[in-house]
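Reading through the structure tokens given below for one structure.
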Amino acid sequence: MRPGAAVVFAAAVLGTTATAGEIPLADRKSGYEFMARETRAMQDDDTANPGMLWVLDGETLWKRNEGSAAKSCADCHGDARASMKGVAARYPAFNAARGRPVDLEERINICRTEQQQSTPLPFESKELLALAAYVGQQSRGMPIEIADDERTKPFLQAGHELFTQRQGQLNLSCAQCHDDNWGQKLAGAAIPQGHPTGYPLYRLEWQTLGSLQRRLRNCLFGMRAISYPFGAPEYVDLELYLMWRARGLPVETPAVRP
Amino acid sequence: MARALINAPAKAKRGEIIEIKTLISHNMETGFRPDNTGKPVPRDIITDFICKYNGQEIFRAELFPAIAANPFLTFSTIATESGTLSFEWTGDNGFSATESVNITVE
Amino acid sequence: MTRDDDMPQATRRRFLIETAALAGAVGIALPLAVKPASATPASMRAAIRKVVGEAPVNKGKVKIDVPPLIENGNAVPLTVSCESPMTADDHVKAIHVFAEKNPQPNVVSVQLGPRSGRATVSTRIRLADSQKIIAIAQMSDGSFWSNEAEVIVTLAACLEGV
């Protein structure tokens, strides 16, 4: 990344204005606004939104005793509707023990291994998605707000670099589609701005609920670039940057997307 | 156990036409999708859905692979009396799921 | 929103080829590019005949609500409704839906009756390609009524890898 751009970006991180090339704050739109009316209707109706099936499963898992500690999430966190309100809106967040930010799924697994004395849930497993959807839904409607944390700045920077670097056989960067060409068509589909406002979400293409990491891997595949494995720190750095880029937009979990 | 979501009014006036929305978790594997080796993944779908109102069948559907995953079905019935709306889904490989909701009709 | 008039056909394969080129699938065949088994107009007619027998099918009374341009063929919202008083003497007994170019022509068949109140059913269906959907209503007097809708199915961008 050009040194000048790094300085501008660092300044922007402390402030609230977007840097050159980024979408002006007032022009940002969720992927919801690029969808057909019928797909939006599917997201808006909790009884038609398939993502709600996972939220219900998550609610059950929240109360289930796990691991050799035989503790449930509820034992420590009580009613998720109170304790988890706003949590997904500020993730990824710095984890002191790890010395780096973690995303919500990693945070759930940290609780599972350290508090419940249980095994971590595999990425993209039904249970992990259900818990992430249940916790995420408690922030629905709240504005995304990544904390202005000195400790996360280098990772935010790394995420910004991942977003703007050219990669893959097509030598494309995320920014070229999602900053420079949002709203235009890519093979019949509108290019959204790429804000992770509703994860985990029900993607019609997957016919199931999936995580942001799964979606990012789809992007990398489309760009003919190498995908990082699930759980790679690159995804968390990128998610941190994307959530910062989406600051102020409301959480939509569980969203529906084409 | 498959998860089902039912949206039906808890209360209705006698003679009112009510709308019932049903959603159930199921992959609805079509039998046409190739796996990594190119072989088709075997069909595994919900084939039948019945709704009963106080034991009386009021709606029945036969589903085919063309029904989207996590089948969503909306239909209507006349609110005749208070009681129970029961829902049953059956399908390939012995799949069976039931759900019920109560309704008060005044 | 009904779609009874003809629209120019844009096949899924054309979009697939465009997407494959965009994805730079050099020497890598996306599994989607393999054309799956599909119904033919003949097999759809056979499926319809199983329901209707030799009875004539009249055009009318049935309304198909489906978006004319579909974002993703995996979950297409569909509502079929039929004019009918839905009384014991005059009601819709069943609605059958067919798709012309899916691997298999049947989509869904529902049984209704005077207790239904309205002859309307909604669901989400899969459409493998841009094609025609046909809905046939079976009336209590033994008559059949139908309508059809043409839909264009597009592909989402940035798909799953193999």
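Chain identifiers are assigned as A, B, and so on, following the order in which chains appear in the structure tokens; residues are numbered from 1 within each chain, and ligands are numbered from 1 in order of appearance.
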
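Using only C-alpha atoms, the contacts of Val52 in chain C at a cut-off of 9 Å, with sequence neighbours closer than 5 positions omitted, comprise Ala47, Val57, Ile136, Gln138 and Phe144 of chain C.
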
Output file for the residues above (N, CA and C atoms, as a PDB file, in the first residue's frame):
ATOM      1  N   ALA C  47     -47.180 -35.323 -17.713  1.00  0.00           N
ATOM      2  CA  ALA C  47     -47.461 -35.080 -16.296  1.00  0.00           C
ATOM      3  C   ALA C  47     -48.814 -34.409 -16.136  1.00  0.00           C
ATOM      4  N   VAL C  57     -58.750 -28.432 -21.022  1.00  0.00           N
ATOM      5  CA  VAL C  57     -58.288 -27.477 -20.019  1.00  0.00           C
ATOM      6  C   VAL C  57     -58.571 -26.076 -20.550  1.00  0.00           C
ATOM      7  N   ILE C 136     -52.747 -25.387 -13.041  1.00  0.00           N
ATOM      8  CA  ILE C 136     -54.045 -25.924 -13.465  1.00  0.00           C
ATOM      9  C   ILE C 136     -54.919 -26.101 -12.237  1.00  0.00           C
ATOM     10  N   GLN C 138     -58.419 -27.582 -10.616  1.00  0.00           N
ATOM     11  CA  GLN C 138     -59.442 -28.609 -10.822  1.00  0.00           C
ATOM     12  C   GLN C 138     -60.666 -28.194 -10.017  1.00  0.00           C
ATOM     13  N   PHE C 144     -61.477 -28.116 -15.718  1.00  0.00           N
ATOM     14  CA  PHE C 144     -60.101 -27.695 -15.459  1.00  0.00           C
ATOM     15  C   PHE C 144     -59.864 -26.324 -16.067  1.00  0.00           C
TER      16      PHE C 144
END

Sorted by chain and rising residue number, which residues of chain A lie within 7 Å of chain B, and what are their closest atom pairs and distances in Å to one decimal, counting only C-alpha atoms, as CSV?
residue,atom,partner,partner_atom,distance
A:Thr47,CA,B:Asn7,CA,6.1
A:Ala48,CA,B:Leu23,CA,6.7
A:Pro50,CA,B:Asn70,CA,6.6
A:Leu53,CA,B:Arg3,CA,6.2
A:Gln207,CA,B:Ala69,CA,6.0

Resulting file, chosen residues, N, CA and C atoms, as a short mmCIF file (atom, residue, chain, number, x, y, z; two decimals), in the first residue's frame:
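Result file part.cif:
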data_model
loop_
_atom_site.label_atom_id
_atom_site.label_comp_id
_atom_site.auth_asym_id
_atom_site.auth_seq_id
_atom_site.Cartn_x
_atom_site.Cartn_y
_atom_site.Cartn_z
N THR A 47 -41.72 -15.02 9.87
CA THR A 47 -42.31 -16.34 9.69
C THR A 47 -42.09 -16.87 8.29
N ALA A 48 -41.46 -16.07 7.42
CA ALA A 48 -41.11 -16.54 6.08
C ALA A 48 -39.60 -16.61 5.90
N PRO A 50 -36.20 -18.05 6.33
CA PRO A 50 -35.65 -19.33 6.77
C PRO A 50 -34.56 -19.18 7.82
N LEU A 53 -35.25 -20.11 11.43
CA LEU A 53 -35.20 -21.51 11.89
C LEU A 53 -33.92 -21.73 12.67
N GLN A 207 -28.94 -22.08 -0.26
CA GLN A 207 -30.14 -22.73 0.26
C GLN A 207 -29.98 -23.10 1.73
#

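Near Ile67 in chain B, within 10 Å and counting only C-alpha atoms, sit B:Met28, B:Glu29, B:Thr30, B:Ile45, B:Ile46, B:Thr47, B:Leu73, C:Asn74, C:Ala75, C:Val76, C:Asn106, C:Val107, C:Val108, C:Thr123, C:Arg124, C:Ile125, C:Arg126, C:Leu127; same-chain residues fewer than 6 positions away were not included.
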
(request) Kindly determine which residues of chain A lie within 7 Å of chain C, considering only C-alpha atoms, and give the answer as a list in words. (result)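 Close enough to count are Ala36, Leu186, Ala187, Gly188, Ala189, Leu204, Glu205, Gln207, Asn218, Cys219, Phe221, Gly222, Met223, Arg224 and Pro258 of chain A.
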
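Between chain C and the candidates B:Gly55, B:Gly94, B:Gly15, B:Gly83, the tightest atom-to-atom separation, counting only C-alpha atoms, involves B:Gly15.
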
(message) Can you tell me which residues surround Gly136 in chain A at a distance of at most 12 Å, considering only C-alpha atoms, apart from same-chain residues fewer than 5 positions away, and format the answer as a PyMOL selection string?
(response) chain A and resi 51-52+54-55+58-59+80-81+83-91+103-105+108+128-131+141-142+144+196-201+211+250-255

(message) Report, in Å to a single decimal, how far apart CA of Asp65 in chain C and CA of Asn102 in chain C are.
(response) 18.6 Å

Determine, counting only C-alpha atoms, which protein, DNA and RNA residues have an atom within 12 Å of an atom of Ser43 in chain C; residues of the same chain fewer than 6 positions away are not included. Present the result as a compact mmCIF listing (two decimals) with N, CA and C atoms, in the first residue's frame.
# COMPACT_ATOMS: atom_id res chain seq x y z
N ALA C 37 -30.36 -33.06 -16.52
CA ALA C 37 -31.54 -33.63 -17.17
C ALA C 37 -32.65 -32.60 -17.10
N ARG C 49 -51.28 -34.68 -18.27
CA ARG C 49 -52.34 -35.65 -18.65
C ARG C 49 -52.65 -36.59 -17.48
N LYS C 50 -51.65 -36.89 -16.67
CA LYS C 50 -51.90 -37.76 -15.51
C LYS C 50 -52.92 -37.13 -14.57
N PHE C 98 -46.85 -26.86 -12.71
CA PHE C 98 -45.83 -27.55 -13.51
C PHE C 98 -44.81 -26.54 -14.01
N ALA C 99 -43.58 -27.01 -14.25
CA ALA C 99 -42.53 -26.17 -14.84
C ALA C 99 -42.00 -26.90 -16.06
N GLU C 100 -41.79 -26.13 -17.10
CA GLU C 100 -41.48 -26.72 -18.41
C GLU C 100 -40.06 -27.24 -18.53
N LYS C 101 -39.10 -26.58 -17.88
CA LYS C 101 -37.70 -26.92 -18.13
C LYS C 101 -36.94 -27.35 -16.88
N ASN C 102 -37.64 -27.64 -15.80
CA ASN C 102 -36.97 -28.22 -14.64
C ASN C 102 -36.63 -29.67 -14.97
N PRO C 103 -35.73 -30.32 -14.20
CA PRO C 103 -35.43 -31.72 -14.49
C PRO C 103 -36.67 -32.60 -14.43
N GLN C 104 -37.66 -32.15 -13.67
CA GLN C 104 -38.88 -32.92 -13.52
C GLN C 104 -40.06 -31.95 -13.58
N PRO C 105 -41.13 -32.26 -14.30
CA PRO C 105 -42.14 -31.22 -14.55
C PRO C 105 -43.04 -30.83 -13.37
N ASN C 106 -43.30 -31.77 -12.43
CA ASN C 106 -44.21 -31.42 -11.34
C ASN C 106 -43.55 -30.48 -10.35

(message) I need the chain B residues near chain C as a list in words; criterion: at most 8 Å, counting only C-alpha atoms.
(response)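 Listed by rising number, the hits are Ile17, Phe32, Pro34, Asn36, Ile58, Phe59, Arg60, Ala61, Glu62, Leu63, Phe64, Pro65, Ala66, Ile67, Ala68, Ala69, Pro71, Phe72, Leu73, Thr74, Phe75, Ser76, Thr77 and Ile78 of chain B.
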
(request) Compile the contact shell of Pro101 in chain A as a VMD selection string: residues with an atom at most 12 Å away, counting only C-alpha atoms, same-chain residues fewer than 3 positions apart removed. (result) chain A and resid 90 to 98 104 to 107 146 to 147 149 to 156 158 to 159 232 to 241

Residues of the last selection are to be written out with C-alpha atoms, as a PDB file, in the first residue's frame.
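As a result, result36.pdb now contains:
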ATOM      1  CA  ARG A  90     -19.383  -4.412  17.942  1.00  0.00           C
ATOM      2  CA  TYR A  91     -17.694  -7.591  16.762  1.00  0.00           C
ATOM      3  CA  PRO A  92     -14.933  -8.429  15.783  1.00  0.00           C
ATOM      4  CA  ALA A  93     -13.515  -7.254  19.108  1.00  0.00           C
ATOM      5  CA  PHE A  94     -10.090  -7.416  20.682  1.00  0.00           C
ATOM      6  CA  ASN A  95      -9.383 -10.493  22.798  1.00  0.00           C
ATOM      7  CA  ALA A  96      -6.589  -9.820  25.280  1.00  0.00           C
ATOM      8  CA  ALA A  97      -5.639 -13.464  25.754  1.00  0.00           C
ATOM      9  CA  ARG A  98      -5.261 -13.963  22.020  1.00  0.00           C
ATOM     10  CA  LEU A 104     -18.296 -13.783  17.038  1.00  0.00           C
ATOM     11  CA  GLU A 105     -17.939 -17.447  16.085  1.00  0.00           C
ATOM     12  CA  GLU A 106     -14.445 -17.586  17.609  1.00  0.00           C
ATOM     13  CA  ARG A 107     -15.748 -15.848  20.729  1.00  0.00           C
ATOM     14  CA  ILE A 146     -16.708  -1.076  16.154  1.00  0.00           C
ATOM     15  CA  ALA A 147     -14.927   0.310  19.221  1.00  0.00           C
ATOM     16  CA  ASP A 149      -9.593   0.611  20.183  1.00  0.00           C
ATOM     17  CA  GLU A 150      -5.861   1.328  19.823  1.00  0.00           C
ATOM     18  CA  ARG A 151      -5.120  -2.377  20.064  1.00  0.00           C
ATOM     19  CA  THR A 152      -7.195  -3.249  16.999  1.00  0.00           C
ATOM     20  CA  LYS A 153      -5.717  -0.546  14.743  1.00  0.00           C
ATOM     21  CA  PRO A 154      -2.981  -2.708  13.161  1.00  0.00           C
ATOM     22  CA  PHE A 155      -5.558  -5.388  12.352  1.00  0.00           C
ATOM     23  CA  LEU A 156      -7.964  -2.837  10.949  1.00  0.00           C
ATOM     24  CA  ALA A 158      -4.381  -5.184   7.649  1.00  0.00           C
ATOM     25  CA  GLY A 159      -8.045  -5.632   6.763  1.00  0.00           C
ATOM     26  CA  ALA A 232      -7.900 -17.755   9.139  1.00  0.00           C
ATOM     27  CA  PRO A 233      -6.954 -14.453  10.803  1.00  0.00           C
ATOM     28  CA  GLU A 234      -7.168 -12.749   7.408  1.00  0.00           C
ATOM     29  CA  TYR A 235     -10.937 -13.189   7.455  1.00  0.00           C
ATOM     30  CA  VAL A 236     -11.206 -11.606  10.889  1.00  0.00           C
ATOM     31  CA  ASP A 237      -8.980  -8.676   9.863  1.00  0.00           C
ATOM     32  CA  LEU A 238     -11.107  -8.198   6.766  1.00  0.00           C
ATOM     33  CA  GLU A 239     -14.345  -8.484   8.748  1.00  0.00           C
ATOM     34  CA  LEU A 240     -13.026  -5.897  11.212  1.00  0.00           C
ATOM     35  CA  TYR A 241     -12.366  -3.520   8.345  1.00  0.00           C
TER      36      TYR A 241
END

(request) Any chance you could list, as an NGL selection string, the residues in chain B that come up strand (DSSP E) when DSSP is run on the backbone? (result) :B and (4-7 or 11-12 or 17-24 or 46-53 or 56-63 or 72-78 or 83-91 or 95-105)

(message) Which of range 140-190 of chain A end up as alpha helix (DSSP H) when DSSP is run on this backbone - answer as a PyMOL selection string?
(response) chain A and resi 153-164+174-178

(message) Using only C-alpha atoms, which protein or nucleic acid residues come within 9 Å of Asn65 in chain A? Drop anything in the same chain fewer than 4 positions from it, and give the result as a PyMOL selection string.
(response) chain A and resi 61+69-75+116

Selection export as a compact mmCIF listing (two decimals), in the first residue's frame, atoms kept: N, CA and C atoms:
# COMPACT_ATOMS: atom_id res chain seq x y z
N LEU A 61 -30.10 -24.04 21.92
CA LEU A 61 -28.72 -24.34 22.29
C LEU A 61 -28.23 -23.43 23.41
N ALA A 69 -18.23 -29.06 32.26
CA ALA A 69 -18.69 -28.10 33.27
C ALA A 69 -20.21 -28.14 33.39
N ALA A 70 -20.85 -28.79 32.45
CA ALA A 70 -22.32 -28.90 32.41
C ALA A 70 -22.97 -27.53 32.61
N LYS A 71 -22.44 -26.55 31.85
CA LYS A 71 -23.00 -25.20 31.94
C LYS A 71 -23.62 -24.83 30.59
N SER A 72 -24.67 -24.02 30.67
CA SER A 72 -25.25 -23.50 29.44
C SER A 72 -24.82 -22.04 29.30
N CYS A 73 -25.01 -21.50 28.10
CA CYS A 73 -24.72 -20.07 27.90
C CYS A 73 -25.54 -19.26 28.91
N ALA A 74 -26.79 -19.70 29.10
CA ALA A 74 -27.70 -18.96 29.98
C ALA A 74 -27.19 -18.91 31.41
N ASP A 75 -26.47 -19.96 31.83
CA ASP A 75 -25.97 -19.96 33.22
C ASP A 75 -25.11 -18.76 33.53
N GLN A 116 -17.25 -23.70 29.25
CA GLN A 116 -18.09 -24.89 29.33
C GLN A 116 -17.27 -26.18 29.37

(request) Using CA of Glu99 in chain B and CA of His91 in chain C as the two end points, give the distance in Å to one decimal. (result)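 One can read the CA of Glu99 in chain B to CA of His91 in chain C distance as 27.9 Å.
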
(request) Could you jot down the CA of Ala135 in chain C to CA of Ala42 in chain C separation for me, Å, one decimal place? (result) 16.5 Å

(message) Calculated over only C-alpha atoms, which of the candidates B:Ile20, B:Val101, B:Gly31, B:Thr84 has the smallest distance to Arg43 in chain B?
(response) B:Gly31

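Using only C-alpha atoms, the smallest distance between any of A:Asp44, A:Gln169, A:Thr119, A:Thr113 and Tyr32 in chain A comes from A:Asp44.
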